[in-house]
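**Student:** Following this line is target02.cif, made up of mmCIF, C-alpha atoms:
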```cif
data_target
#
loop_
_atom_site.label_atom_id
_atom_site.label_comp_id
_atom_site.auth_asym_id
_atom_site.auth_seq_id
_atom_site.Cartn_x
_atom_site.Cartn_y
_atom_site.Cartn_z
CA MET A 700 169.70 271.72 202.33
CA THR A 701 166.23 271.86 200.90
CA ASP A 702 163.88 274.66 201.87
CA LEU A 703 160.41 273.15 202.01
CA ARG A 704 158.71 276.48 202.51
CA PRO A 705 157.04 278.54 199.73
CA SER A 706 159.45 279.95 197.15
CA LEU A 707 157.67 283.31 197.07
CA SER A 708 159.17 285.67 199.67
CA ARG A 709 157.16 285.57 202.83
CA ARG A 710 157.97 289.25 203.42
CA ARG A 711 156.23 290.19 200.16
CA LEU A 712 153.43 287.62 200.39
CA PHE A 713 152.20 287.61 203.94
CA SER A 714 152.99 287.79 207.60
CA LEU A 715 151.69 284.59 209.11
CA THR A 716 149.84 285.96 212.11
CA ALA A 717 146.46 284.92 213.52
CA GLY A 718 144.24 283.85 210.64
CA GLY A 719 144.45 287.04 208.59
CA ALA A 720 147.04 285.79 206.12
CA SER A 721 144.91 282.81 205.14
CA ALA A 722 141.90 285.00 204.47
CA LEU A 723 144.00 287.42 202.38
CA LEU A 724 145.39 284.66 200.20
CA LEU A 725 141.98 283.12 199.68
CA ALA A 726 140.55 286.48 198.68
CA GLN A 727 143.33 286.94 196.12
CA THR A 728 142.66 283.47 194.73
CA ALA A 729 138.92 284.12 194.51
CA ARG A 730 139.50 287.25 192.45
CA ALA A 731 141.84 285.40 190.10
CA ALA A 732 140.02 282.10 189.69
CA GLY A 733 136.39 282.63 190.62
CA PRO A 734 134.41 281.42 193.68
CA LYS A 735 136.08 279.03 196.09
CA PRO A 736 134.80 277.04 199.06
CA VAL A 737 134.37 279.14 202.15
CA PHE A 738 137.53 278.85 204.28
CA LYS A 739 137.42 279.76 207.96
CA PRO A 740 140.90 279.66 209.48
CA VAL A 741 141.05 278.77 213.13
CA PRO A 742 141.96 281.95 215.04
CA ASP A 743 144.86 281.85 217.47
CA SER A 744 142.48 282.22 220.41
CA LYS A 745 140.96 278.85 219.48
CA LEU A 746 144.21 276.99 218.82
CA ARG A 747 145.34 274.46 221.37
CA LYS A 748 148.01 276.34 223.27
CA ALA A 749 151.51 274.93 223.48
CA LEU A 750 152.44 274.12 227.07
CA ASP A 751 155.67 274.22 229.00
CA GLN A 752 154.81 270.81 230.49
CA VAL A 753 152.80 268.07 228.83
CA PRO A 754 151.83 264.51 229.84
CA GLY A 755 154.85 262.23 229.84
CA ASP A 756 157.35 265.01 230.59
CA VAL A 757 160.29 264.06 232.77
CA VAL A 758 160.25 267.29 234.75
CA GLN A 759 162.91 266.14 237.18
CA LEU A 760 164.77 262.93 237.85
CA PRO A 761 163.69 260.68 240.70
CA GLU A 762 165.72 261.44 243.82
CA HIS A 763 167.52 258.09 243.81
CA LEU A 764 168.82 258.77 240.26
CA ARG A 765 170.00 262.33 240.81
CA PRO A 766 173.39 261.62 242.47
CA LEU A 767 174.31 259.22 239.67
CA ALA A 768 173.13 261.60 236.93
CA GLU A 769 174.98 264.56 238.43
CA GLN A 770 178.23 262.59 238.51
CA LEU A 771 177.75 261.51 234.91
CA LEU A 772 177.14 265.13 233.91
CA ALA A 773 180.18 266.40 235.82
CA ARG A 774 182.31 263.71 234.17
CA ALA A 775 181.24 264.85 230.68
CA LYS A 776 181.67 268.56 231.43
CA GLY A 777 185.04 268.18 233.14
CA ALA A 778 186.53 265.99 230.41
CA VAL A 779 185.47 268.22 227.52
CA THR A 780 186.49 271.55 229.05
CA SER A 781 189.84 270.24 230.30
CA ALA A 782 190.64 268.84 226.85
CA ILE A 783 189.72 272.08 225.06
CA ALA A 784 191.73 274.17 227.54
CA LYS A 785 194.66 271.72 227.53
CA PRO A 786 194.50 269.37 224.52
CA ALA A 787 197.27 267.16 225.87
CA SER A 788 194.94 266.12 228.70
CA ALA A 789 192.68 264.33 226.21
CA LYS A 790 195.10 261.44 225.82
CA GLY A 791 193.45 258.16 226.73
CA ASP A 792 190.10 259.79 227.55
CA LYS A 793 187.31 259.08 225.04
CA ILE A 794 185.05 261.88 226.24
CA ALA A 795 187.87 264.41 226.12
CA ALA A 796 188.80 263.26 222.61
CA ALA A 797 185.16 263.65 221.53
CA GLY A 798 185.22 267.23 222.83
CA LEU A 799 188.31 268.07 220.77
CA LYS A 800 186.79 266.54 217.64
CA PHE A 801 183.64 268.59 218.16
CA ALA A 802 185.53 271.85 218.77
CA ALA A 803 187.47 271.35 215.51
CA LYS A 804 184.19 271.53 213.56
CA LEU A 805 183.05 274.85 215.05
CA THR A 806 183.46 278.15 213.27
CA PRO A 807 186.64 279.98 214.32
CA ALA A 808 184.66 282.53 216.36
CA ARG A 809 182.68 279.88 218.24
CA ALA A 810 185.78 277.74 218.79
CA ALA A 811 187.61 280.75 220.26
CA ARG A 812 184.74 281.48 222.65
CA LEU A 813 184.55 277.84 223.73
CA SER A 814 188.30 277.74 224.34
CA ALA A 815 188.26 280.95 226.39
CA ARG A 816 185.36 279.78 228.53
CA SER A 817 186.93 276.35 229.07
CA GLU A 818 190.15 277.99 230.26
CA GLN A 819 188.19 280.10 232.74
CA LEU A 820 186.56 276.98 234.16
CA GLN A 821 189.91 275.24 234.50
CA VAL A 822 191.46 278.01 236.61
CA ALA A 823 188.42 278.60 238.81
CA LYS A 824 189.24 278.46 242.52
CA VAL A 825 186.39 276.06 243.12
CA SER A 826 185.79 273.72 240.20
CA PRO A 827 182.14 273.06 239.35
CA PHE A 828 183.10 269.54 238.32
CA GLY A 829 184.16 268.18 241.71
CA ALA A 830 186.15 264.96 241.45
CA PHE A 831 186.11 265.24 237.66
CA ALA A 832 187.93 268.57 237.50
CA ARG A 833 191.22 266.81 236.81
CA PRO A 834 191.79 265.46 233.29
CA GLY A 835 191.39 261.73 232.81
CA VAL A 836 189.42 260.94 235.99
CA LYS A 837 186.93 258.27 234.94
CA LEU A 838 183.73 257.31 236.70
CA GLN A 839 184.94 254.10 238.28
CA SER A 840 188.01 255.79 239.78
CA ALA A 841 186.08 258.67 241.40
CA ALA A 842 185.24 258.47 245.08
CA GLY A 843 181.54 258.09 245.68
CA PHE A 844 180.60 256.81 242.24
CA ARG A 845 180.10 253.22 243.39
CA ALA A 846 177.81 254.41 246.18
CA SER A 847 175.72 256.41 243.69
CA LEU A 848 175.49 253.47 241.33
CA SER A 849 174.58 251.11 244.17
CA LYS A 850 171.49 253.21 244.92
CA VAL A 851 170.26 252.28 241.46
CA VAL A 852 171.71 248.77 241.32
CA ASP A 853 171.04 246.68 244.43
CA VAL A 854 173.54 243.89 243.80
CA SER A 855 172.06 241.69 246.52
CA LYS A 856 168.82 241.46 244.54
CA LEU A 857 170.40 240.88 241.16
CA LYS A 858 170.18 237.12 240.97
CA PHE A 859 168.85 235.77 237.74
CA ASP A 860 165.67 233.77 238.26
CA PRO A 861 164.76 231.58 235.25
CA LYS A 862 161.22 231.26 236.60
CA VAL A 863 160.60 234.98 236.12
CA LYS A 864 158.95 235.57 232.79
CA ALA A 865 158.92 238.66 230.64
CA PRO A 866 156.07 241.08 231.44
CA GLN A 867 152.78 240.10 229.85
CA TRP A 868 151.63 243.35 228.31
CA LYS A 869 147.94 243.88 227.60
CA ALA A 870 147.05 244.57 223.95
CA PRO A 871 146.85 246.79 222.06
CA LEU A 872 150.53 247.71 222.26
CA VAL A 873 152.20 250.70 220.66
CA SER A 874 154.87 249.90 218.09
CA LYS A 875 156.70 253.19 217.52
CA ILE A 876 157.02 256.79 218.63
CA GLU A 877 157.45 259.85 216.42
CA PHE A 878 158.36 263.44 217.29
CA HIS A 879 156.71 266.09 215.11
CA LEU A 880 157.42 269.78 214.55
CA ASN A 881 154.18 271.76 214.27
CA ARG A 882 155.35 275.33 213.89
CA VAL A 883 158.14 277.81 214.55
CA ARG A 884 157.30 281.36 215.59
CA CYS A 885 159.60 284.39 215.49
CA ILE A 886 158.92 286.42 218.63
CA GLU A 887 161.75 288.88 218.01
CA GLU A 888 164.25 289.04 215.15
CA THR A 889 167.96 288.79 215.76
CA SER A 890 169.97 292.00 215.84
CA GLU A 891 171.99 291.18 212.75
CA ALA A 892 172.29 293.66 209.89
CA SER A 893 170.20 291.71 207.34
CA ASP A 894 166.48 292.43 206.88
CA SER A 895 165.28 289.03 208.12
CA ASP A 896 166.51 285.84 209.74
CA GLU A 897 167.48 282.53 208.16
CA ILE A 898 166.81 279.86 210.76
CA LEU A 899 168.08 276.28 210.71
CA LEU A 900 166.92 273.46 212.96
CA GLY A 901 168.40 270.03 213.59
CA GLY A 902 168.95 267.59 216.40
CA GLN A 903 169.02 264.07 217.76
CA LEU A 904 166.91 261.55 219.63
CA VAL A 905 168.48 259.62 222.51
CA GLU A 906 166.71 256.27 222.61
CA PRO A 907 166.32 254.16 225.77
CA ASN A 908 168.35 251.36 224.17
CA GLY A 909 171.42 253.58 223.82
CA ALA A 910 171.08 254.60 220.19
CA VAL A 911 171.48 258.27 219.26
CA LYS A 912 169.49 259.04 216.11
CA LYS A 913 170.30 262.14 214.11
CA PHE A 914 167.79 264.00 211.97
CA ASP A 915 169.20 266.24 209.27
CA ARG A 916 169.42 269.95 209.83
CA PHE A 917 166.94 271.83 207.65
CA LYS A 918 166.01 275.40 206.85
CA VAL A 919 162.87 276.54 208.66
CA SER A 920 162.81 279.83 206.76
CA ASP A 921 165.22 282.26 205.13
CA ASP A 922 162.83 285.19 205.57
CA PHE A 923 161.75 285.29 209.21
CA ASP A 924 160.30 288.51 210.56
CA ALA A 925 159.00 289.36 214.04
CA GLY A 926 155.54 287.90 214.64
CA GLU A 927 155.77 285.48 211.73
CA LYS A 928 154.99 281.76 212.01
CA VAL A 929 155.98 278.91 209.75
CA ALA A 930 153.50 276.07 210.01
CA PHE A 931 154.30 272.42 209.39
CA ASP A 932 150.88 270.86 210.08
CA TYR A 933 147.33 271.29 208.74
CA GLU A 934 145.90 273.43 211.49
CA LEU A 935 145.71 276.67 209.50
CA CYS A 936 143.70 274.97 206.75
CA GLY A 937 140.94 273.75 209.05
CA LYS A 938 138.41 271.36 207.49
CA LEU A 939 139.11 272.29 203.87
CA PRO A 940 140.13 269.15 201.89
CA ARG A 941 143.64 269.27 200.46
CA SER A 942 142.28 268.62 196.96
CA SER A 943 140.49 271.98 197.03
CA LEU A 944 143.47 273.98 198.28
CA PRO A 945 145.41 276.13 195.80
CA SER A 946 149.10 275.30 195.62
CA PHE A 947 150.28 278.18 197.79
CA LEU A 948 147.86 277.20 200.56
CA GLN A 949 149.07 273.63 200.32
CA ALA A 950 152.54 275.02 201.05
CA MET A 951 151.13 276.60 204.21
CA CYS A 952 149.71 273.22 205.32
CA PRO A 953 152.43 270.82 204.15
CA ASN A 954 151.48 267.88 206.39
CA GLY A 955 148.37 266.41 207.93
CA SER A 956 144.77 266.51 206.79
CA PRO A 957 141.37 267.69 208.04
CA ASP A 958 141.12 264.43 210.00
CA ASP A 959 144.66 264.71 211.41
CA PRO A 960 145.37 268.45 211.61
CA TYR A 961 148.28 268.21 214.04
CA ARG A 962 150.42 265.79 212.02
CA GLY A 963 153.46 267.95 211.43
CA ARG A 964 156.92 267.48 210.01
CA LYS A 965 158.28 264.20 211.36
CA LEU A 966 161.64 264.91 212.94
CA VAL A 967 162.58 261.41 214.08
CA SER A 968 161.01 258.08 215.05
CA ALA A 969 161.96 255.04 217.13
CA SER A 970 160.73 251.52 217.78
CA LEU A 971 158.88 250.72 221.00
CA ASP A 972 159.43 246.97 220.84
CA PRO A 973 159.44 245.80 224.49
CA GLN A 974 161.80 242.98 223.52
CA VAL A 975 164.43 245.58 222.61
CA ILE A 976 163.98 248.48 225.03
CA PRO A 977 163.20 248.50 228.76
CA PHE A 978 160.04 250.05 230.17
CA PRO A 979 159.32 252.54 231.48
CA SER A 980 161.18 253.99 228.49
CA THR A 981 162.73 257.45 228.44
CA HIS A 982 163.25 259.24 225.12
CA GLY A 983 165.31 262.42 224.89
CA LEU A 984 164.77 264.84 222.01
CA VAL A 985 167.54 267.42 221.44
CA LEU A 986 166.78 270.41 219.18
CA ILE A 987 169.50 272.81 218.05
CA MET A 988 168.52 276.10 216.40
CA GLY A 989 170.92 278.47 214.67
CA GLU A 990 171.65 280.72 211.72
CA GLN A 991 174.58 278.60 210.56
CA ASP A 992 174.92 274.92 209.77
CA GLU A 993 177.04 273.44 212.55
CA GLY A 994 178.17 269.84 212.30
CA GLY A 995 179.50 267.61 215.01
CA PHE A 996 176.66 267.46 217.55
CA ASN A 997 175.57 263.97 216.57
CA ASP A 998 179.07 262.51 216.82
CA LEU A 999 179.62 264.25 220.14
CA LEU A 1000 176.42 262.85 221.66
CA GLN A 1001 177.16 259.35 220.39
CA ASP A 1002 180.76 259.42 221.62
CA VAL A 1003 179.90 260.79 225.07
CA TYR A 1004 177.02 258.34 225.49
CA ALA A 1005 179.20 255.38 224.47
CA ALA A 1006 182.01 256.40 226.83
CA LEU A 1007 179.72 256.93 229.83
CA ARG A 1008 177.96 253.66 229.11
CA ASP A 1009 181.27 251.77 228.96
CA GLU A 1010 182.46 253.29 232.24
CA ILE A 1011 179.20 252.34 233.94
CA ALA A 1012 179.55 248.83 232.53
CA ALA A 1013 183.09 248.53 233.90
CA GLU A 1014 181.87 249.42 237.38
CA LEU A 1015 178.96 247.00 237.13
CA ASP A 1016 181.40 244.25 236.18
CA ALA A 1017 183.50 245.15 239.21
CA LEU A 1018 180.37 244.79 241.35
CA GLY A 1019 179.80 241.33 239.94
CA VAL A 1020 176.85 242.31 237.76
CA ALA A 1021 176.79 241.28 234.11
CA ALA A 1022 176.65 244.67 232.45
CA GLY A 1023 174.74 243.54 229.38
CA SER A 1024 171.99 242.05 231.50
CA ALA A 1025 171.89 244.79 234.11
CA LEU A 1026 171.51 247.59 231.61
CA GLY A 1027 168.95 245.73 229.57
CA GLY A 1028 168.40 247.27 226.15
CA ALA A 1029 171.08 249.88 226.77
CA LEU A 1030 173.87 247.34 226.41
CA GLY A 1031 172.34 244.05 225.38
CA SER A 1032 169.18 242.03 225.13
CA ILE A 1033 166.67 242.16 227.96
CA ILE A 1034 166.71 238.99 230.01
CA PRO A 1035 163.53 238.21 231.95
CA GLY A 1036 164.16 238.33 235.67
CA LEU A 1037 167.19 240.59 235.48
CA GLY A 1038 167.91 244.06 234.26
CA THR A 1039 164.75 245.61 232.88
CA ALA A 1040 164.16 248.09 235.71
CA ILE A 1041 167.87 248.88 236.00
CA GLY A 1042 168.15 249.46 232.27
CA ALA A 1043 165.19 251.84 232.38
CA ALA A 1044 166.65 253.76 235.34
CA ILE A 1045 170.15 254.16 233.94
CA GLY A 1046 168.73 254.94 230.51
CA ALA A 1047 166.65 257.73 232.04
CA ALA A 1048 169.72 259.13 233.81
CA LEU A 1049 171.84 259.03 230.65
CA GLY A 1050 169.12 260.65 228.54
CA TRP A 1051 168.79 263.50 231.03
CA VAL A 1052 172.58 263.91 231.18
CA LEU A 1053 173.03 264.21 227.41
CA GLY A 1054 170.30 266.83 227.10
CA GLU A 1055 171.69 268.90 229.97
CA PHE A 1056 175.24 268.51 228.64
CA ILE A 1057 174.43 269.75 225.13
CA GLU A 1058 172.45 272.76 226.40
CA TRP A 1059 175.32 273.66 228.73
CA LEU A 1060 178.03 273.19 226.09
CA VAL A 1061 176.24 275.30 223.48
CA GLY A 1062 175.77 277.97 226.12
CA LEU A 1063 179.55 278.18 226.57
CA PHE A 1064 180.15 279.43 223.03
CA ASN A 1065 176.88 281.27 222.40
CA ASN A 1066 176.93 285.04 222.79
CA GLU A 1067 174.96 288.18 221.99
CA ASP A 1068 176.16 288.25 218.37
CA ASP A 1069 175.35 284.68 217.44
CA LEU A 1070 172.16 282.64 217.36
CA ILE A 1071 172.72 279.05 218.35
CA GLU A 1072 170.89 277.37 221.19
CA ALA A 1073 170.00 273.83 222.19
CA LYS A 1074 166.94 272.60 224.03
CA HIS A 1075 166.17 269.10 225.19
CA TRP A 1076 162.88 267.41 225.95
CA ASN A 1077 162.72 264.12 227.86
CA ILE A 1078 159.52 262.11 227.96
CA GLN A 1079 158.79 258.77 229.60
CA LEU A 1080 156.30 256.11 228.55
CA PRO A 1081 155.08 253.95 231.44
CA SER A 1082 154.67 250.80 229.33
CA PRO A 1083 154.02 249.75 225.72
CA GLU A 1084 150.31 249.38 226.48
CA LEU A 1085 148.18 251.94 224.67
CA SER A 1086 145.82 252.15 227.66
CA ALA A 1087 148.70 253.15 229.95
CA ILE A 1088 149.79 255.90 227.58
CA GLN A 1089 146.21 257.13 227.18
CA GLY A 1090 146.10 257.35 230.95
CA LEU A 1091 148.79 260.05 230.90
CA GLY A 1092 146.12 262.67 230.23
CA GLN A 1093 144.96 265.10 227.57
CA SER A 1094 145.85 264.44 223.93
CA LEU A 1095 145.56 266.12 220.55
CA PRO A 1096 142.94 264.90 218.04
CA ALA A 1097 144.44 262.04 216.02
CA PRO A 1098 143.31 259.09 213.87
CA ALA A 1099 142.35 255.76 215.41
CA GLY A 1100 145.34 253.85 216.70
CA VAL A 1101 147.36 257.04 217.28
CA TRP A 1102 147.82 258.89 220.57
CA ALA A 1103 149.27 262.40 220.22
CA SER A 1104 150.56 264.44 223.13
CA PRO A 1105 149.59 268.10 223.58
CA LEU A 1106 151.87 270.66 221.95
CA LYS A 1107 155.10 271.37 223.78
CA SER A 1108 156.65 274.85 223.74
CA LEU A 1109 160.45 275.08 223.42
CA LYS A 1110 161.91 278.59 223.52
CA PHE A 1111 165.20 279.64 221.89
CA ARG A 1112 167.09 282.92 222.13
CA GLY A 1113 170.37 284.40 220.90
CA ASP A 1114 171.80 287.40 219.03
CA GLY A 1115 168.90 289.47 220.36
CA GLY A 1116 166.36 287.14 218.75
CA ARG A 1117 163.68 284.98 220.36
CA TYR A 1118 161.97 282.00 218.76
CA GLU A 1119 159.45 279.41 219.87
CA ALA A 1120 159.06 275.90 218.45
CA HIS A 1121 155.92 273.83 219.00
CA VAL A 1122 156.46 270.08 218.93
CA HIS A 1123 154.61 266.96 220.02
CA TRP A 1124 155.12 263.20 220.19
CA ARG A 1125 152.77 260.51 218.99
CA VAL A 1126 152.67 256.75 219.33
CA PHE A 1127 151.20 254.19 216.92
CA THR A 1128 149.65 250.77 217.52
#
```
Before we go any further, please render this structure as structure tokens.
**Tutor:**
Amino acid sequence: MTDLRPSLSRRRLFSLTAGGASALLLAQTARAAGPKPVFKPVPDSKLRKALDQVPGDVVQLPEHLRPLAEQLLARAKGAVTSAIAKPASAKGDKIAAAGLKFAAKLTPARAARLSARSEQLQVAKVSPFGAFARPGVKLQSAAGFRASLSKVVDVSKLKFDPKVKAPQWKAPLVSKIEFHLNRVRCIEETSEASDSDEILLGGQLVEPNGAVKKFDRFKVSDDFDAGEKVAFDYELCGKLPRSSLPSFLQAMCPNGSPDDPYRGRKLVSASLDPQVIPFPSTHGLVLIMGEQDEGGFNDLLQDVYAALRDEIAAELDALGVAAGSALGGALGSIIPGLGTAIGAAIGAALGWVLGEFIEWLVGLFNNEDDLIEAKHWNIQLPSPELSAIQGLGQSLPAPAGVWASPLKSLKFRGDGGRYEAHVHWRVFT
């Protein structure tokens, strides 16, 4: 892993709070190298505050999608916990097998906690997984699944009409979406014995066409103290041109520019080609924070997504619906007149399920002595038209042709510590 933060210990150099650190460093530079341009850091009171909800957020699923999504989630939870509690039950079940593969990559302490919690869930008098409490019960064999799917897929209306043309979107269209990390703030250090926290961050993006994109885990800081922030954009450096910044201030403002102060560290990007993905398009960002590098999350998400998708496809086939067409970009090319809306709906349900599943699973093996937590953020774009996205509401300042959402606050806690990450998404024409 590469630490992109300054090599000089942050504990000895500064505590990144308000704007005081910037002023201190500039004063030190002025004494050493003569007069410098006046630098006025933006105080915290003036910063655009990170919000719990921002335009585009999928706060809750539409009511007609909830029964389907809850069954998908129960299927994933039941399969993984039954396999970990009783490995023999994983035979012939792709989701269960994915759970075992993931558990094998955990540290011994985390694996033991996950096993103990899974066993408790298996012997509970009333299973939280309903029809999926028993090992090997797949979606299409569970009572009520067809009814839930039929609320999303009205088979009587799924007749391909060659006269129906693809939507005629109004230019300019957006071509891609990026998720950026702006800053990470330590609210309270963990209770471990060391003087400061080493924090790692990684995750995945669940795309509306079924792809799960991983972005590499990286070190946010190996010297986090309470109240300290690590910035990944240009906000702290205000209007001062990069060319006039000393090297250590450049390290404090590693991305962006005076004209694009909120361009942060790009975590992951995805295409918004309407010929490939259905609209409205739902994108699910999963962030996993910890003090240890933990592999396996990407494979788990991909395997669970693929298995759920295949089981939905099998049921659609049984209903007489061509799965590739009905799910649109999630399983095949989008055919005008058939499948776009269904693909968008099922994609939204699956994206929500994977985010909820990972948060829940990590919670099973997290405890007071260990910092690892997952958070997911689902956003939905109404169409690829820039005007429609601009209509979502307030945005951050950005260059022409870019629309940037307000900052989103994601809060993590574990081992007595509390952290907050500020992120945003932006689209490009």
**Student:** With the file shown as input, list the residues that the PyMOL selection byres ((chain A and resi 816) around 12) selects, as a list in words.
**Tutor:**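 Answer for the PyMOL selection byres ((chain A and resi 816) around 12): Val779, Thr780, Ser781, Ile783, Ala784, Arg809, Ala810, Ala811, Arg812, Leu813, Ser814, Ala815, Ser817, Glu818, Gln819, Leu820, Gln821, Val822, Ala823, Trp1059, Leu1060, Val1061, Gly1062, Leu1063, Phe1064, Asn1065 and Asn1066 of chain A.
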**Student:** Those residues with C-alpha atoms, as a CSV table (one decimal), in the coordinates of the input please?
**Tutor:**
```csv
chain,number,residue,atom,x,y,z
A,779,VAL,CA,185.5,268.2,227.5
A,780,THR,CA,186.5,271.6,229.0
A,781,SER,CA,189.8,270.2,230.3
A,783,ILE,CA,189.7,272.1,225.1
A,784,ALA,CA,191.7,274.2,227.5
A,809,ARG,CA,182.7,279.9,218.2
A,810,ALA,CA,185.8,277.7,218.8
A,811,ALA,CA,187.6,280.8,220.3
A,812,ARG,CA,184.7,281.5,222.6
A,813,LEU,CA,184.6,277.8,223.7
A,814,SER,CA,188.3,277.7,224.3
A,815,ALA,CA,188.3,281.0,226.4
A,817,SER,CA,186.9,276.4,229.1
A,818,GLU,CA,190.2,278.0,230.3
A,819,GLN,CA,188.2,280.1,232.7
A,820,LEU,CA,186.6,277.0,234.2
A,821,GLN,CA,189.9,275.2,234.5
A,822,VAL,CA,191.5,278.0,236.6
A,823,ALA,CA,188.4,278.6,238.8
A,1059,TRP,CA,175.3,273.7,228.7
A,1060,LEU,CA,178.0,273.2,226.1
A,1061,VAL,CA,176.2,275.3,223.5
A,1062,GLY,CA,175.8,278.0,226.1
A,1063,LEU,CA,179.6,278.2,226.6
A,1064,PHE,CA,180.2,279.4,223.0
A,1065,ASN,CA,176.9,281.3,222.4
A,1066,ASN,CA,176.9,285.0,222.8
```
**Student:** Please write the residues picked by the PyMOL selection byres ((chain A and resi 1072-1087) around 8) on this file as a ChimeraX atom specification.
**Tutor:** /A:755-758,868-874,971-973,978-989,1050-1051,1054-1055,1057-1058,1061-1062,1065,1070-1071,1088-1091,1109-1113,1128
**Student:** With the PyMOL selection byres ((chain A and resi 1125) around 9) as the selection, what would be picked from this file? Answer as a PDB file with C-alpha atoms, keeping the file's coordinate frame, please.
**Tutor:**
```
ATOM      1  CA  LYS A 875     156.700 253.190 217.520  1.00  0.00           C
ATOM      2  CA  ILE A 876     157.020 256.790 218.630  1.00  0.00           C
ATOM      3  CA  GLU A 877     157.450 259.850 216.420  1.00  0.00           C
ATOM      4  CA  PHE A 878     158.360 263.440 217.290  1.00  0.00           C
ATOM      5  CA  HIS A 879     156.710 266.090 215.110  1.00  0.00           C
ATOM      6  CA  ALA A1097     144.440 262.040 216.020  1.00  0.00           C
ATOM      7  CA  VAL A1101     147.360 257.040 217.280  1.00  0.00           C
ATOM      8  CA  TRP A1102     147.820 258.890 220.570  1.00  0.00           C
ATOM      9  CA  ALA A1103     149.270 262.400 220.220  1.00  0.00           C
ATOM     10  CA  SER A1104     150.560 264.440 223.130  1.00  0.00           C
ATOM     11  CA  HIS A1123     154.610 266.960 220.020  1.00  0.00           C
ATOM     12  CA  TRP A1124     155.120 263.200 220.190  1.00  0.00           C
ATOM     13  CA  VAL A1126     152.670 256.750 219.330  1.00  0.00           C
ATOM     14  CA  PHE A1127     151.200 254.190 216.920  1.00  0.00           C
TER      15      PHE A1127
END
```
**Student:** Which of these, A:Ala1099, A:Val911, A:Leu1007, A:Leu999, has the shortest distance to Ala802 of chain A once you count only C-alpha atoms?
**Tutor:** A:Leu999
**Student:** Need to verify the contact set: segment 828-845 of chain A, 6 Å, all atoms listed in the file, exclusion of same-chain residues closer than 5 positions in sequence. Can you return it as a PyMOL selection string?
**Tutor:** chain A and resi 773-774+777+781+788+792+1014
**Student:** What's around Ala1013 of chain A at 9 Å? Count all atoms listed in the file, leave out sequence neighbours fewer than 4 positions away in its own chain, and write the answer as a list in words.
**Tutor:** Gln839, Arg1008, Asp1009, Ala1017, Leu1018 and Ala1022 of chain A
**Student:** Using all atoms listed in the file, which of the listed residues (A:Gly1046, A:Pro977, A:Pro754, A:Gly937) sits closest to Leu767 of chain A?
**Tutor:**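 The answer is A:Gly1046, which sits nearest to Leu767 of chain A.
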**Student:** Would you mind reading off the distance between atom CA of Cys936 of chain A and atom CA of Asn881 of chain A, one decimal, in Å?
**Tutor:**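 Rounded to one decimal, the two atoms are 13.3 Å apart.
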**Student:** Please indicate the distance in Å from atom CA of Ser956 of chain A to atom CA of Arg884 of chain A, rounded to one decimal place.
**Tutor:**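 These atoms are spaced 21.3 Å apart.
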**Student:** Pick out the closest residue to Pro761 of chain A from this set: A:Ala1044, A:Pro1105, A:Ser1094, A:Val905. Count all atoms listed in the file.
**Tutor:**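 Closest to Pro761 of chain A of all the choices is A:Ala1044.
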**Student:** Which residue is closest to Ala910 of chain A? Choose from A:Asn954, A:Ser847, A:Gln974, A:Asn997 and count all atoms listed in the file.
**Tutor:**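 Looking at the shortest contact to Ala910 of chain A, the residue is A:Asn997.
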**Student:** At what distance in Å, to one decimal, does atom CA of Ile794 of chain A lie from atom CA of Ala1048 of chain A?
**Tutor:**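 Atom CA of Ile794 of chain A lies at a distance of 17.3 Å from atom CA of Ala1048 of chain A.
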**Student:** Of the residues A:Arg882, A:Gly791, A:Glu906, A:Ala803, which is the one nearest to Cys952 of chain A, using all atoms listed in the file?
**Tutor:**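 Checking each candidate against Cys952 of chain A, we get A:Arg882 as the closest.
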**Student:** Need to verify the contact set: Ala930 of chain A, 10 Å, all atoms listed in the file, exclusion of same-chain residues closer than 4 positions in sequence. Can you return it as a VMD selection string?
**Tutor:** chain A and resid 704 715 880 to 884 919 934 to 935 950 to 954 963 to 964 1121
**Student:** Kindly indicate which residue among A:Gly1116, A:Gly901, A:Pro940, A:Pro945 lies nearest to Asp959 of chain A, using all atoms listed in the file for the distances.
**Tutor:**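 Answer, going by the shortest atom-to-atom distance: A:Pro940.
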**Student:** Generate the coordinates of N, CA and C atoms for segment 960-965 of chain A; report them as a JSON list (two decimals), keeping the file's coordinate frame.
**Tutor:**
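Below you can see result-v7.json, which holds the result:
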```json
[["chain", "number", "residue", "atom", "x", "y", "z"],
["A", 960, "PRO", "N", 144.81, 267.12, 211.83],
["A", 960, "PRO", "CA", 145.37, 268.45, 211.61],
["A", 960, "PRO", "C", 146.70, 268.71, 212.28],
["A", 961, "TYR", "N", 147.05, 267.92, 213.31],
["A", 961, "TYR", "CA", 148.28, 268.21, 214.04],
["A", 961, "TYR", "C", 149.46, 267.34, 213.60],
["A", 962, "ARG", "N", 149.27, 266.55, 212.54],
["A", 962, "ARG", "CA", 150.42, 265.79, 212.02],
["A", 962, "ARG", "C", 151.36, 266.77, 211.35],
["A", 963, "GLY", "N", 152.53, 266.96, 211.93],
["A", 963, "GLY", "CA", 153.46, 267.95, 211.43],
["A", 963, "GLY", "C", 154.61, 267.32, 210.67],
["A", 964, "ARG", "N", 155.71, 268.01, 210.64],
["A", 964, "ARG", "CA", 156.92, 267.48, 210.01],
["A", 964, "ARG", "C", 157.55, 266.46, 210.96],
["A", 965, "LYS", "N", 157.68, 265.23, 210.52],
["A", 965, "LYS", "CA", 158.28, 264.20, 211.36],
["A", 965, "LYS", "C", 159.77, 264.47, 211.48]]
```
